[in-house]
file work12.csv (CSV, N, CA and C atoms)
chain,number,residue,atom,x,y,z
V,1,GLN,N,-3.3,11.2,15.1
V,1,GLN,CA,-3.1,11.5,13.6
V,1,GLN,C,-3.0,10.2,12.9
V,2,VAL,N,-3.7,10.1,11.8
V,2,VAL,CA,-3.6,8.9,11.0
V,2,VAL,C,-2.5,9.0,10.0
V,3,GLN,N,-1.6,7.9,9.9
V,3,GLN,CA,-0.6,7.9,8.9
V,3,GLN,C,-0.8,6.7,8.0
V,4,LEU,N,-0.6,7.0,6.7
V,4,LEU,CA,-0.7,5.9,5.7
V,4,LEU,C,0.7,5.8,4.9
V,5,VAL,N,1.2,4.6,4.8
V,5,VAL,CA,2.5,4.4,4.2
V,5,VAL,C,2.3,3.4,3.0
V,6,GLU,N,2.6,3.8,1.8
V,6,GLU,CA,2.5,3.0,0.7
V,6,GLU,C,3.9,2.3,0.3
V,7,SER,N,3.8,1.2,-0.3
V,7,SER,CA,5.0,0.5,-0.8
V,7,SER,C,4.7,-0.4,-2.0
V,8,GLY,N,5.7,-0.9,-2.7
V,8,GLY,CA,5.4,-1.8,-3.7
V,8,GLY,C,5.6,-1.3,-5.1
V,9,GLY,N,5.7,0.0,-5.3
V,9,GLY,CA,5.9,0.6,-6.6
V,9,GLY,C,7.3,0.2,-7.2
V,10,ASP,N,7.3,0.1,-8.5
V,10,ASP,CA,8.6,-0.3,-9.1
V,10,ASP,C,8.5,0.0,-10.6
V,11,SER,N,9.6,-0.3,-11.3
V,11,SER,CA,9.6,-0.1,-12.8
V,11,SER,C,9.5,-1.5,-13.4
V,12,VAL,N,8.5,-1.7,-14.2
V,12,VAL,CA,8.2,-3.0,-14.8
V,12,VAL,C,7.9,-2.8,-16.3
V,13,HIS,N,7.8,-4.0,-17.0
V,13,HIS,CA,7.5,-4.0,-18.4
V,13,HIS,C,6.0,-4.2,-18.6
V,14,PRO,N,5.5,-3.7,-19.8
V,14,PRO,CA,4.1,-4.0,-20.1
V,14,PRO,C,3.7,-5.4,-20.0
V,15,GLY,N,2.5,-5.6,-19.4
V,15,GLY,CA,2.0,-7.0,-19.2
V,15,GLY,C,2.4,-7.6,-17.8
V,16,GLU,N,3.3,-6.9,-17.1
V,16,GLU,CA,3.7,-7.5,-15.8
V,16,GLU,C,2.7,-7.0,-14.7
V,17,SER,N,3.0,-7.4,-13.5
V,17,SER,CA,2.1,-7.2,-12.4
V,17,SER,C,2.9,-6.6,-11.2
V,18,LEU,N,2.2,-5.8,-10.3
V,18,LEU,CA,2.7,-5.3,-9.1
V,18,LEU,C,1.6,-5.4,-8.0
V,19,ARG,N,2.0,-5.6,-6.8
V,19,ARG,CA,1.1,-5.5,-5.7
V,19,ARG,C,1.5,-4.3,-4.8
V,20,LEU,N,0.6,-3.3,-4.7
V,20,LEU,CA,0.9,-2.2,-3.9
V,20,LEU,C,0.3,-2.4,-2.5
V,21,THR,N,1.0,-1.9,-1.5
V,21,THR,CA,0.5,-2.1,-0.1
V,21,THR,C,0.4,-0.8,0.6
V,22,CYS,N,-0.6,-0.6,1.4
V,22,CYS,CA,-0.8,0.6,2.2
V,22,CYS,C,-1.0,0.1,3.6
V,23,VAL,N,-0.2,0.6,4.5
V,23,VAL,CA,-0.3,0.2,5.9
V,23,VAL,C,-0.7,1.5,6.7
V,24,ALA,N,-1.8,1.3,7.5
V,24,ALA,CA,-2.3,2.5,8.3
V,24,ALA,C,-1.7,2.4,9.7
V,25,SER,N,-1.6,3.5,10.4
V,25,SER,CA,-1.1,3.6,11.7
V,25,SER,C,-2.2,3.3,12.8
V,26,VAL,N,-3.4,3.2,12.4
V,26,VAL,CA,-4.5,2.9,13.3
V,26,VAL,C,-5.4,1.8,12.7
V,27,SER,N,-6.3,1.3,13.4
V,27,SER,CA,-7.2,0.2,12.9
V,27,SER,C,-8.0,0.7,11.8
V,28,ILE,N,-8.0,-0.1,10.7
V,28,ILE,CA,-8.9,0.3,9.6
V,28,ILE,C,-10.3,-0.3,9.7
V,29,TYR,N,-10.5,-1.0,10.8
V,29,TYR,CA,-11.8,-1.6,11.0
V,29,TYR,C,-12.6,-0.9,12.0
V,30,SER,N,-12.0,-0.6,13.2
V,30,SER,CA,-12.7,-0.1,14.3
V,30,SER,C,-12.7,1.5,14.3
V,31,ASP,N,-11.8,2.1,13.5
V,31,ASP,CA,-11.7,3.5,13.5
V,31,ASP,C,-12.5,4.0,12.3
V,32,SER,N,-13.6,4.8,12.6
V,32,SER,CA,-14.5,5.2,11.5
V,32,SER,C,-13.8,6.2,10.6
V,33,ARG,N,-12.7,6.8,11.0
V,33,ARG,CA,-12.0,7.7,10.1
V,33,ARG,C,-11.4,7.0,8.9
V,34,LEU,N,-11.3,5.6,9.0
V,34,LEU,CA,-10.7,4.8,7.9
V,34,LEU,C,-11.8,3.9,7.3
V,35,TYR,N,-13.1,4.3,7.4
V,35,TYR,CA,-14.1,3.4,6.9
V,35,TYR,C,-13.9,3.1,5.4
V,36,GLN,N,-13.6,4.1,4.7
V,36,GLN,CA,-13.4,3.9,3.2
V,36,GLN,C,-11.9,4.1,2.9
V,37,MET,N,-11.4,3.2,2.2
V,37,MET,CA,-10.0,3.2,1.7
V,37,MET,C,-9.9,3.3,0.2
V,38,GLY,N,-9.0,4.0,-0.3
V,38,GLY,CA,-8.9,4.1,-1.8
V,38,GLY,C,-7.5,4.2,-2.3
V,39,TRP,N,-7.4,3.9,-3.5
V,39,TRP,CA,-6.1,4.1,-4.2
V,39,TRP,C,-6.4,5.1,-5.4
V,40,PHE,N,-5.5,6.1,-5.5
V,40,PHE,CA,-5.5,7.1,-6.5
V,40,PHE,C,-4.2,7.1,-7.2
V,41,ARG,N,-4.1,7.7,-8.4
V,41,ARG,CA,-2.9,7.9,-9.1
V,41,ARG,C,-2.8,9.2,-9.8
V,42,GLN,N,-1.6,9.7,-9.9
V,42,GLN,CA,-1.4,11.0,-10.6
V,42,GLN,C,-0.1,11.0,-11.3
V,43,SER,N,-0.2,11.4,-12.5
V,43,SER,CA,1.1,11.6,-13.3
V,43,SER,C,1.2,13.1,-13.7
V,44,PRO,N,2.4,13.5,-14.0
V,44,PRO,CA,2.7,14.9,-14.2
V,44,PRO,C,1.7,15.6,-15.2
V,45,GLY,N,1.2,16.7,-14.8
V,45,GLY,CA,0.3,17.4,-15.7
V,45,GLY,C,-1.1,16.9,-15.7
V,46,LYS,N,-1.4,15.9,-15.0
V,46,LYS,CA,-2.8,15.3,-14.9
V,46,LYS,C,-3.4,15.4,-13.5
V,47,GLU,N,-4.7,15.4,-13.5
V,47,GLU,CA,-5.4,15.4,-12.2
V,47,GLU,C,-5.3,14.1,-11.5
V,48,ARG,N,-5.4,14.1,-10.2
V,48,ARG,CA,-5.4,12.9,-9.4
V,48,ARG,C,-6.7,12.1,-9.8
V,49,GLU,N,-6.5,10.8,-10.1
V,49,GLU,CA,-7.6,9.9,-10.6
V,49,GLU,C,-7.8,8.8,-9.6
V,50,GLY,N,-9.1,8.6,-9.3
V,50,GLY,CA,-9.5,7.5,-8.4
V,50,GLY,C,-9.4,6.2,-9.2
V,51,VAL,N,-8.7,5.2,-8.6
V,51,VAL,CA,-8.4,3.9,-9.3
V,51,VAL,C,-9.3,2.9,-8.7
V,52,ALA,N,-9.4,2.8,-7.4
V,52,ALA,CA,-10.2,1.7,-6.7
V,52,ALA,C,-10.5,2.1,-5.3
V,53,THR,N,-11.6,1.6,-4.8
V,53,THR,CA,-12.0,2.0,-3.4
V,53,THR,C,-12.6,0.8,-2.8
V,54,ILE,N,-12.5,0.7,-1.5
V,54,ILE,CA,-13.2,-0.4,-0.7
V,54,ILE,C,-13.6,0.1,0.6
V,55,ASP,N,-14.8,-0.3,1.0
V,55,ASP,CA,-15.3,0.2,2.3
V,55,ASP,C,-15.1,-0.9,3.4
V,56,ARG,N,-15.4,-0.6,4.6
V,56,ARG,CA,-15.2,-1.5,5.7
V,56,ARG,C,-15.9,-2.8,5.5
V,57,ASP,N,-17.0,-2.8,4.8
V,57,ASP,CA,-17.8,-4.0,4.6
V,57,ASP,C,-17.4,-4.8,3.3
V,58,GLY,N,-16.3,-4.3,2.7
V,58,GLY,CA,-15.8,-5.0,1.5
V,58,GLY,C,-16.4,-4.7,0.2
V,59,ARG,N,-17.2,-3.7,0.2
V,59,ARG,CA,-17.8,-3.2,-1.1
V,59,ARG,C,-16.7,-2.4,-1.9
V,60,THR,N,-16.7,-2.7,-3.2
V,60,THR,CA,-15.6,-2.1,-4.0
V,60,THR,C,-16.2,-1.4,-5.2
V,61,ALA,N,-15.3,-0.5,-5.7
V,61,ALA,CA,-15.6,0.2,-7.0
V,61,ALA,C,-14.3,0.5,-7.7
V,62,TYR,N,-14.4,0.5,-9.0
V,62,TYR,CA,-13.1,0.7,-9.8
V,62,TYR,C,-13.4,1.7,-10.9
V,63,ALA,N,-12.3,2.4,-11.3
V,63,ALA,CA,-12.3,3.2,-12.5
V,63,ALA,C,-12.4,2.3,-13.7
V,64,ASP,N,-13.1,2.7,-14.7
V,64,ASP,CA,-13.3,1.9,-15.9
V,64,ASP,C,-12.0,1.5,-16.5
V,65,SER,N,-11.0,2.3,-16.4
V,65,SER,CA,-9.7,2.1,-17.1
V,65,SER,C,-9.0,0.9,-16.4
V,66,VAL,N,-9.4,0.5,-15.2
V,66,VAL,CA,-8.6,-0.6,-14.6
V,66,VAL,C,-9.5,-1.8,-14.3
V,67,LYS,N,-10.8,-1.8,-14.6
V,67,LYS,CA,-11.7,-2.9,-14.3
V,67,LYS,C,-11.2,-4.1,-15.0
V,68,GLY,N,-11.2,-5.2,-14.3
V,68,GLY,CA,-10.7,-6.5,-14.8
V,68,GLY,C,-9.2,-6.7,-14.7
V,69,ARG,N,-8.5,-5.6,-14.4
V,69,ARG,CA,-7.0,-5.7,-14.3
V,69,ARG,C,-6.5,-5.5,-12.8
V,70,PHE,N,-7.2,-4.6,-12.1
V,70,PHE,CA,-6.8,-4.2,-10.8
V,70,PHE,C,-7.8,-4.8,-9.8
V,71,THR,N,-7.3,-5.2,-8.6
V,71,THR,CA,-8.1,-5.6,-7.5
V,71,THR,C,-7.7,-5.0,-6.2
V,72,ILE,N,-8.6,-4.4,-5.5
V,72,ILE,CA,-8.4,-3.8,-4.2
V,72,ILE,C,-8.9,-4.8,-3.1
V,73,SER,N,-8.1,-4.9,-2.0
V,73,SER,CA,-8.5,-5.7,-0.9
V,73,SER,C,-8.0,-5.1,0.4
V,74,ARG,N,-8.6,-5.5,1.5
V,74,ARG,CA,-8.2,-5.0,2.8
V,74,ARG,C,-8.1,-6.1,3.8
V,75,VAL,N,-7.1,-6.1,4.6
V,75,VAL,CA,-7.0,-7.0,5.7
V,75,VAL,C,-7.1,-6.2,7.0
V,76,ASN,N,-8.3,-6.2,7.6
V,76,ASN,CA,-8.6,-5.3,8.7
V,76,ASN,C,-7.6,-5.5,9.9
V,77,ASN,N,-7.4,-6.8,10.2
V,77,ASN,CA,-6.6,-7.0,11.4
V,77,ASN,C,-5.1,-6.7,11.2
V,78,LYS,N,-4.7,-6.4,10.0
V,78,LYS,CA,-3.4,-5.9,9.7
V,78,LYS,C,-3.3,-4.5,9.3
V,79,ALA,N,-4.4,-3.8,9.4
V,79,ALA,CA,-4.5,-2.4,9.0
V,79,ALA,C,-3.9,-2.1,7.7
V,80,THR,N,-4.1,-3.0,6.7
V,80,THR,CA,-3.5,-3.0,5.4
V,80,THR,C,-4.5,-3.1,4.3
V,81,VAL,N,-4.2,-2.3,3.3
V,81,VAL,CA,-5.0,-2.3,2.0
V,81,VAL,C,-4.0,-2.6,0.9
V,82,TYR,N,-4.5,-3.5,0.0
V,82,TYR,CA,-3.6,-3.9,-1.2
V,82,TYR,C,-4.3,-3.4,-2.5
V,83,LEU,N,-3.5,-3.2,-3.5
V,83,LEU,CA,-3.9,-3.0,-4.8
V,83,LEU,C,-3.1,-3.9,-5.7
V,84,GLN,N,-3.7,-5.0,-6.2
V,84,GLN,CA,-3.1,-5.9,-7.1
V,84,GLN,C,-3.3,-5.3,-8.5
V,85,THR,N,-2.2,-5.1,-9.2
V,85,THR,CA,-2.3,-4.5,-10.5
V,85,THR,C,-1.7,-5.5,-11.5
V,86,ASN,N,-2.5,-5.9,-12.5
V,86,ASN,CA,-2.1,-6.9,-13.5
V,86,ASN,C,-2.2,-6.3,-14.9
V,87,SER,N,-1.5,-7.0,-15.8
V,87,SER,CA,-1.6,-6.5,-17.2
V,87,SER,C,-1.3,-5.0,-17.4
V,88,LEU,N,-0.2,-4.6,-16.7
V,88,LEU,CA,0.1,-3.2,-16.7
V,88,LEU,C,0.5,-2.7,-18.1
V,89,THR,N,0.1,-1.4,-18.3
V,89,THR,CA,0.4,-0.8,-19.6
V,89,THR,C,1.2,0.5,-19.3
V,90,PRO,N,1.8,1.1,-20.3
V,90,PRO,CA,2.5,2.4,-20.0
V,90,PRO,C,1.5,3.5,-19.5
V,91,GLU,N,0.2,3.4,-19.9
V,91,GLU,CA,-0.8,4.3,-19.4
V,91,GLU,C,-1.0,4.2,-17.9
V,92,ASP,N,-0.6,3.2,-17.3
V,92,ASP,CA,-0.7,3.0,-15.8
V,92,ASP,C,0.4,3.7,-15.1
V,93,THR,N,1.4,4.2,-15.8
V,93,THR,CA,2.5,4.9,-15.2
V,93,THR,C,2.1,6.1,-14.4
V,94,ALA,N,2.3,6.2,-13.1
V,94,ALA,CA,1.9,7.3,-12.3
V,94,ALA,C,2.4,7.1,-10.9
V,95,ARG,N,2.2,8.1,-10.0
V,95,ARG,CA,2.5,7.9,-8.6
V,95,ARG,C,1.1,7.5,-8.0
V,96,TYR,N,1.2,6.4,-7.2
V,96,TYR,CA,0.0,5.8,-6.6
V,96,TYR,C,-0.1,6.2,-5.2
V,97,TYR,N,-1.3,6.7,-4.8
V,97,TYR,CA,-1.5,7.2,-3.4
V,97,TYR,C,-2.6,6.4,-2.7
V,98,CYS,N,-2.4,6.1,-1.5
V,98,CYS,CA,-3.4,5.5,-0.6
V,98,CYS,C,-4.2,6.6,0.1
V,99,ALA,N,-5.5,6.4,0.3
V,99,ALA,CA,-6.2,7.4,1.0
V,99,ALA,C,-7.2,6.8,2.0
V,100,ALA,N,-7.6,7.5,3.0
V,100,ALA,CA,-8.6,7.0,4.0
V,100,ALA,C,-9.6,8.0,4.3
V,101,GLY,N,-10.8,7.6,4.6
V,101,GLY,CA,-11.8,8.6,4.9
V,101,GLY,C,-13.0,8.0,5.6
V,102,PRO,N,-13.9,8.8,6.1
V,102,PRO,CA,-15.1,8.4,6.8
V,102,PRO,C,-16.2,7.9,5.8
V,103,PRO,N,-17.3,7.3,6.2
V,103,PRO,CA,-18.3,6.9,5.3
V,103,PRO,C,-18.7,8.0,4.4
V,104,SER,N,-19.0,7.7,3.1
V,104,SER,CA,-19.3,8.8,2.1
V,104,SER,C,-20.6,8.6,1.5
V,105,GLY,N,-21.4,7.6,1.9
V,105,GLY,CA,-22.8,7.5,1.4
V,105,GLY,C,-22.9,6.4,0.3
V,106,SER,N,-21.9,6.3,-0.5
V,106,SER,CA,-21.9,5.2,-1.5
V,106,SER,C,-20.5,4.9,-1.8
V,107,VAL,N,-20.3,3.6,-2.1
V,107,VAL,CA,-18.9,3.2,-2.4
V,107,VAL,C,-18.3,3.9,-3.6
V,108,GLU,N,-19.2,4.1,-4.6
V,108,GLU,CA,-18.7,4.8,-5.8
V,108,GLU,C,-18.2,6.2,-5.6
V,109,PHE,N,-18.7,6.9,-4.6
V,109,PHE,CA,-18.2,8.2,-4.2
V,109,PHE,C,-16.8,8.1,-3.8
V,110,GLY,N,-16.4,6.9,-3.3
V,110,GLY,CA,-15.0,6.8,-2.9
V,110,GLY,C,-14.0,6.8,-4.0
V,111,LEU,N,-14.4,7.0,-5.2
V,111,LEU,CA,-13.4,7.3,-6.3
V,111,LEU,C,-13.1,8.7,-6.5
V,112,ARG,N,-13.7,9.6,-5.6
V,112,ARG,CA,-13.5,11.0,-5.7
V,112,ARG,C,-12.5,11.4,-4.6
V,113,PRO,N,-11.5,12.2,-4.9
V,113,PRO,CA,-10.5,12.7,-3.9
V,113,PRO,C,-11.2,13.4,-2.7
V,114,SER,N,-12.3,14.0,-3.0
V,114,SER,CA,-13.0,14.8,-1.9
V,114,SER,C,-13.6,13.9,-0.8
V,115,ALA,N,-13.7,12.6,-1.1
V,115,ALA,CA,-14.2,11.6,-0.1
V,115,ALA,C,-13.2,11.4,1.0
V,116,TYR,N,-12.0,11.8,0.9
V,116,TYR,CA,-10.9,11.4,1.8
V,116,TYR,C,-10.3,12.5,2.6
V,117,VAL,N,-9.8,12.1,3.8
V,117,VAL,CA,-9.2,13.1,4.7
V,117,VAL,C,-7.7,12.8,4.8
V,118,TYR,N,-7.3,11.6,4.8
V,118,TYR,CA,-5.9,11.2,5.0
V,118,TYR,C,-5.3,10.6,3.8
V,119,TRP,N,-4.1,11.0,3.5
V,119,TRP,CA,-3.3,10.6,2.3
V,119,TRP,C,-1.9,10.2,2.7
V,120,GLY,N,-1.5,9.2,1.9
V,120,GLY,CA,-0.1,8.8,2.1
V,120,GLY,C,0.8,9.6,1.1
V,121,GLN,N,2.1,9.3,1.1
V,121,GLN,CA,3.1,10.0,0.3
V,121,GLN,C,3.2,9.4,-1.1
V,122,GLY,N,2.7,8.3,-1.3
V,122,GLY,CA,2.7,7.7,-2.7
V,122,GLY,C,3.8,6.8,-2.9
V,123,THR,N,3.6,5.9,-4.0
V,123,THR,CA,4.7,5.0,-4.4
V,123,THR,C,4.6,5.0,-6.0
V,124,GLN,N,5.8,5.1,-6.6
V,124,GLN,CA,5.9,5.3,-8.0
V,124,GLN,C,5.8,4.0,-8.8
V,125,VAL,N,4.9,4.0,-9.8
V,125,VAL,CA,4.8,2.8,-10.7
V,125,VAL,C,5.2,3.3,-12.1
V,126,THR,N,6.2,2.7,-12.7
V,126,THR,CA,6.6,3.0,-14.1
V,126,THR,C,6.5,1.8,-14.9
V,127,VAL,N,5.8,1.9,-16.0
V,127,VAL,CA,5.6,0.8,-17.0
V,127,VAL,C,6.2,1.2,-18.3
V,128,SER,N,7.3,0.5,-18.7
V,128,SER,CA,7.9,0.9,-20.0
V,128,SER,C,8.6,-0.3,-20.6
V,129,SER,N,8.7,-0.3,-21.9
V,129,SER,CA,9.4,-1.4,-22.5
V,129,SER,C,10.9,-1.1,-22.7
call {"tool": "encode", "arguments": {"input": "work12.csv", "output": "C-alpha cells"}}
result
Amino acid sequence: QVQLVESGGDSVHPGESLRLTCVASVSIYSDSRLYQMGWFRQSPGKEREGVATIDRDGRTAYADSVKGRFTISRVNNKATVYLQTNSLTPEDTARYYCAAGPPSGSVEFGLRPSAYVYWGQGTQVTVSS
C-alpha cells in the first residue's frame, strides 16, 4: 500500500511563501504507481483543484492561477515531492493534498483528480492579513 504524508502548511500573511512537502512510503522513481505526482487543493464548498503536477521525467504542468508563483519538484532518491508557493494570496487558502498515480498519457492530464490513485491526508494553508 502506498502512503503519502504532507507537511509544511501554515497560516501566513499575503505575499509570504511556504514550501509544502510530500513524502511517499515507496520509491517514486522505480515504482510505476507513482509515475505522476501532483498537488491539489480544496476549500470548503469548492471542488478539488489541480495545482501542479510532475512526472518521473520531470515534466511539469500548472494551473493558470498559480503559474509563475508555484513550483513543483521531486527528489526521487528521497521519495519526496515539494511545492514551493510564493506570493501567496487569500485565494490560495485551502487544504493542499499530494497525489500519486500511474502514467496518464500527458503531463497536463495530471491536473485532473481522476489521474490519481493514491492520496495523502492534506495540509492546511491559510493566507490572511
call {"tool": "closest_atom_pairs", "arguments": {"input": "work12.csv", "of": "stretch 30-84 of chain V", "to": "stretch 99-122 of chain V", "cutoff": "6 Å", "atoms": "only C-alpha atoms", "output": "tab-separated table"}}
result
residue	atom	partner	partner_atom	distance
V:Ser32	CA	V:Pro102	CA	5.7
V:Arg33	CA	V:Pro102	CA	4.6
V:Leu34	CA	V:Ala100	CA	4.9
V:Tyr35	CA	V:Pro102	CA	5.1
V:Gln36	CA	V:Gly101	CA	5.2
V:Met37	CA	V:Ala100	CA	4.7
V:Gly38	CA	V:Ala99	CA	5.1
V:Gly50	CA	V:Leu111	CA	4.4
V:Thr53	CA	V:Gly110	CA	5.7
V:Ala61	CA	V:Glu108	CA	5.7
call {"tool": "atom_distance", "arguments": {"input": "work12.csv", "atom1": "atom CA of V:Ile72", "atom2": "atom CA of V:Ser25"}}
result
19.0 Å
call {"tool": "atom_distance", "arguments": {"input": "work12.csv", "atom1": "atom CA of V:Leu20", "atom2": "atom N of V:Gly45"}}
result
21.8 Å
call {"tool": "residues_around", "arguments": {"input": "work12.csv", "residues": "V:Ser11", "least_positions_apart": "5", "cutoff": "7 Å", "atoms": "only C-alpha atoms", "output": "compact mmCIF listing (two decimals) with N, CA and C atoms, in the coordinates of the input"}}
result
# COMPACT_ATOMS: atom_id res chain seq x y z
N VAL V 125 4.90 4.00 -9.80
CA VAL V 125 4.80 2.80 -10.70
C VAL V 125 5.20 3.30 -12.10
N THR V 126 6.20 2.70 -12.70
CA THR V 126 6.60 3.00 -14.10
C THR V 126 6.50 1.80 -14.90
N VAL V 127 5.80 1.90 -16.00
CA VAL V 127 5.60 0.80 -17.00
C VAL V 127 6.20 1.20 -18.30
call {"tool": "select_by_dssp", "arguments": {"input": "work12.csv", "residues": "chain V", "states": "strand (DSSP E or B)", "output": "number ranges by chain"}}
result
V: 4-7, 11-12, 18-24, 36-42, 49-55, 60-62, 70-75, 80-85, 94-101, 118-119, 123-127
call {"tool": "atom_distance", "arguments": {"input": "work12.csv", "atom1": "atom N of V:Asn76", "atom2": "atom C of V:Val12"}}
result
29.1 Å
call {"tool": "closest_residue", "arguments": {"input": "work12.csv", "among": "V:Ser129, V:Val23, V:Tyr29, V:Trp39", "to": "V:Ile54", "atoms": "only N, CA and C atoms"}}
result
V:Trp39
call {"tool": "select_by_dssp", "arguments": {"input": "work12.csv", "residues": "chain V", "states": "helix (DSSP H, G or I)", "output": "list in words"}}
result
Ser32, Arg33, Leu34, Asn76, Asn77, Lys78, Pro90, Glu91, Asp92, Val107, Glu108, Phe109, Gly110, Leu111, Pro113, Ser114 and Ala115 of chain V
call {"tool": "closest_residue", "arguments": {"input": "work12.csv", "among": "V:Ser7, V:Asn77, V:Asn86, V:Thr60", "to": "V:Gln124", "atoms": "only N, CA and C atoms"}}
result
V:Ser7
call {"tool": "closest_residue", "arguments": {"input": "work12.csv", "among": "V:Asp57, V:Thr85, V:Gly8, V:Ile28", "to": "V:Arg69", "atoms": "all atoms listed in the file"}}
result
V:Thr85
call {"tool": "build_atoms", "arguments": {"input": "work12.csv", "residues": "stretch 60-67 of chain V", "atoms": "all heavy atoms", "output": "PDB file, keeping the file's coordinate frame"}}
result
ATOM      1  N   THR V  60     -16.700  -2.700  -3.200  1.00  0.00           N
ATOM      2  CA  THR V  60     -15.600  -2.100  -4.000  1.00  0.00           C
ATOM      3  C   THR V  60     -16.200  -1.400  -5.200  1.00  0.00           C
ATOM      4  O   THR V  60     -17.299  -1.577  -5.636  1.00  0.00           O
ATOM      5  CB  THR V  60     -14.636  -3.175  -4.508  1.00  0.00           C
ATOM      6  OG1 THR V  60     -15.365  -4.109  -5.310  1.00  0.00           O
ATOM      7  CG2 THR V  60     -13.957  -3.902  -3.363  1.00  0.00           C
ATOM      8  N   ALA V  61     -15.300  -0.500  -5.700  1.00  0.00           N
ATOM      9  CA  ALA V  61     -15.600   0.200  -7.000  1.00  0.00           C
ATOM     10  C   ALA V  61     -14.300   0.500  -7.700  1.00  0.00           C
ATOM     11  O   ALA V  61     -13.285   0.699  -7.014  1.00  0.00           O
ATOM     12  CB  ALA V  61     -16.402   1.537  -6.739  1.00  0.00           C
ATOM     13  N   TYR V  62     -14.400   0.500  -9.000  1.00  0.00           N
ATOM     14  CA  TYR V  62     -13.100   0.700  -9.800  1.00  0.00           C
ATOM     15  C   TYR V  62     -13.400   1.700 -10.900  1.00  0.00           C
ATOM     16  O   TYR V  62     -14.467   1.851 -11.440  1.00  0.00           O
ATOM     17  CB  TYR V  62     -12.735  -0.635 -10.447  1.00  0.00           C
ATOM     18  CG  TYR V  62     -12.357  -1.708  -9.462  1.00  0.00           C
ATOM     19  CD1 TYR V  62     -13.305  -2.581  -8.959  1.00  0.00           C
ATOM     20  CD2 TYR V  62     -11.036  -1.842  -9.039  1.00  0.00           C
ATOM     21  CE1 TYR V  62     -12.958  -3.576  -8.043  1.00  0.00           C
ATOM     22  CE2 TYR V  62     -10.671  -2.830  -8.142  1.00  0.00           C
ATOM     23  CZ  TYR V  62     -11.640  -3.686  -7.649  1.00  0.00           C
ATOM     24  OH  TYR V  62     -11.289  -4.665  -6.750  1.00  0.00           O
ATOM     25  N   ALA V  63     -12.300   2.400 -11.300  1.00  0.00           N
ATOM     26  CA  ALA V  63     -12.300   3.200 -12.500  1.00  0.00           C
ATOM     27  C   ALA V  63     -12.400   2.300 -13.700  1.00  0.00           C
ATOM     28  O   ALA V  63     -11.924   1.149 -13.706  1.00  0.00           O
ATOM     29  CB  ALA V  63     -11.028   4.006 -12.599  1.00  0.00           C
ATOM     30  N   ASP V  64     -13.100   2.700 -14.700  1.00  0.00           N
ATOM     31  CA  ASP V  64     -13.300   1.900 -15.900  1.00  0.00           C
ATOM     32  C   ASP V  64     -12.000   1.500 -16.500  1.00  0.00           C
ATOM     33  O   ASP V  64     -11.894   0.396 -17.087  1.00  0.00           O
ATOM     34  CB  ASP V  64     -14.142   2.711 -16.965  1.00  0.00           C
ATOM     35  CG  ASP V  64     -15.601   2.861 -16.562  1.00  0.00           C
ATOM     36  OD1 ASP V  64     -16.064   2.104 -15.685  1.00  0.00           O
ATOM     37  OD2 ASP V  64     -16.268   3.741 -17.132  1.00  0.00           O
ATOM     38  N   SER V  65     -11.000   2.300 -16.400  1.00  0.00           N
ATOM     39  CA  SER V  65      -9.700   2.100 -17.100  1.00  0.00           C
ATOM     40  C   SER V  65      -9.000   0.900 -16.400  1.00  0.00           C
ATOM     41  O   SER V  65      -8.023   0.365 -17.043  1.00  0.00           O
ATOM     42  CB  SER V  65      -8.832   3.317 -17.011  1.00  0.00           C
ATOM     43  OG  SER V  65      -8.630   3.715 -15.671  1.00  0.00           O
ATOM     44  N   VAL V  66      -9.400   0.500 -15.200  1.00  0.00           N
ATOM     45  CA  VAL V  66      -8.600  -0.600 -14.600  1.00  0.00           C
ATOM     46  C   VAL V  66      -9.500  -1.800 -14.300  1.00  0.00           C
ATOM     47  O   VAL V  66      -9.012  -2.841 -13.755  1.00  0.00           O
ATOM     48  CB  VAL V  66      -7.990  -0.132 -13.249  1.00  0.00           C
ATOM     49  CG1 VAL V  66      -7.105   1.093 -13.514  1.00  0.00           C
ATOM     50  CG2 VAL V  66      -9.026   0.164 -12.182  1.00  0.00           C
ATOM     51  N   LYS V  67     -10.800  -1.800 -14.600  1.00  0.00           N
ATOM     52  CA  LYS V  67     -11.700  -2.900 -14.300  1.00  0.00           C
ATOM     53  C   LYS V  67     -11.200  -4.100 -15.000  1.00  0.00           C
ATOM     54  O   LYS V  67     -10.832  -4.124 -16.170  1.00  0.00           O
ATOM     55  CB  LYS V  67     -13.106  -2.557 -14.772  1.00  0.00           C
ATOM     56  CG  LYS V  67     -13.875  -1.671 -13.825  1.00  0.00           C
ATOM     57  CD  LYS V  67     -15.283  -1.399 -14.341  1.00  0.00           C
ATOM     58  CE  LYS V  67     -16.042  -0.485 -13.391  1.00  0.00           C
ATOM     59  NZ  LYS V  67     -17.386  -0.132 -13.917  1.00  0.00           N
TER      60      LYS V  67
END
